[in-house]
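Chemist: There's a structure below that I have some questions on.
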Amino acid sequence: MKILITGATGFVGSALTKKLLEKGHQIHYLTTSEKKIENHPNYKGFLWNVAKQEIDNNCFEGVDIIVNLAGKSINSRWNAKNKKEIMESRVQASHLLFRSLSVIDHTVVQVISASAIGFYPSDYEVCYTEKQQQANPEFLGQVCKLWEAHNLKFSELGIQSTIFRFGLILSADEGALPQFTKLIRLNLGSCLGSGKQWYSWIHYEDVIGMLIYGIEQQLSGIYNCVAPHPLRQKEFLNTIAKQLHKVNWLPRVPELFLKIVLGEKHQLVTDSQQVSSEKIVNKGFEFKFPVLKKALADIYKED
């Protein structure tokens, strides 16, 4: 198949691109930089400018499936400027793809889009499934709500729409895990907030595997991209510490302190979302790393 990827140079996008090429698929990708454009038989780059709503429509030539991972990192400071860019980079990218496909002849049959479990309201008891309709009223929830609404519109063009709500993606070098392990290795590990909040995590290889499964099985609808066994934060951090032969001995950091230091962004560590992976499992997907201990053993196998 020929697959167009946005966000192809990011953490998930680059790993997905590599795996798809290994499986023999052809890749088109969109970039904002002419320096990043390559032109090979199975790997071609094309320019776009989301802010100006400009795109090289040649990127759609012969494409069967689009994987839309574009968006400004949420790890930036959450000031007014960055929050606006976090929202607009996602919504405008989806709108540009939709607008382009609505006016050209194309062969696209499916659009797979990213979202996040930040869609779900923070709750210590509820286990969320994809049937949940009410979005988190806080910033991340509203980003996901609007982002998903734009991505579901592709069905109006007769194109199958698939959305994966990413959980806490675990990798040795990217995402939140290196920040946790840095403190734990320095013997400064402790709970952030109550420690009772649920962390719905997933090994990055299972993220890539699930995206490819969505492509090859042409799944439609919304799926939680999380491992089957979420943990409360205290157990999550203690499992990391045990893998690193450390002990989290410091008292917990009060949520009020995290709010003062991190501002609104404290929600990334203090929010609680227990999220079910049952729907994707029922579709036949098999996790390589279903439990945290096994996932960490793989990530830190060199330690």
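Ligands are numbered from 1 in the order shown, residues from 1 within each chain, and chains are lettered A, B, ... in the order they appear in the structure tokens.
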Could you write out, as a PyMOL selection string, all the residues of segment 32-281 of chain A that DSSP marks as helix (DSSP H, G or I)?

Modeler: chain A and resi 34-36+57-60+80-101+117-119+139-157+177-185+204-216+233-243+255-270+278-281

Chemist: Kindly assemble as CSV a list of the segment 185-283 of chain A residues that lie within 12 Å of segment 138-156 of chain A, each paired with its nearest atom pair and their distance in Å to one decimal, using only C-alpha atoms, sorted first by chain and then by ascending residue number.

Modeler:
residue,atom,partner,partner_atom,distance
A:Ser220,CA,A:Ser155,CA,10.0
A:Gly221,CA,A:Leu152,CA,8.5
A:Ile222,CA,A:Glu148,CA,9.2
A:Tyr223,CA,A:Glu148,CA,11.8
A:Glu264,CA,A:Phe139,CA,8.5
A:Lys265,CA,A:Phe139,CA,9.2
A:His266,CA,A:Leu140,CA,11.5
A:Gln267,CA,A:Leu140,CA,8.8
A:Leu268,CA,A:Leu140,CA,9.0
A:Asp271,CA,A:Glu138,CA,10.4
A:Gln273,CA,A:Gly141,CA,11.7

Chemist: Please extract the residues of segment 79-302 of chain A with a backbone DSSP assignment of strand (DSSP E) and present them as an MDAnalysis selection string.

Modeler: chainID A and resid 110:116 127:128 160:166 168:170 198:199 201:203 221:225 231:232 274:275

Chemist: For a test of reading the model, state the distance in Å between atom CA of Ile112 of chain A and atom CA of Trp48 of chain A, rounded to one decimal.

Modeler: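 Atom-to-atom, atom CA of Ile112 of chain A to atom CA of Trp48 of chain A, that is 18.6 Å.
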
Chemist: Taking into account only C-alpha atoms, which residue in the set A:Leu183, A:Tyr204, A:Val103, A:Phe166 is nearest to Ala15 of chain A?

Modeler: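 Looking at the shortest contact to Ala15 of chain A, the residue is A:Tyr204.
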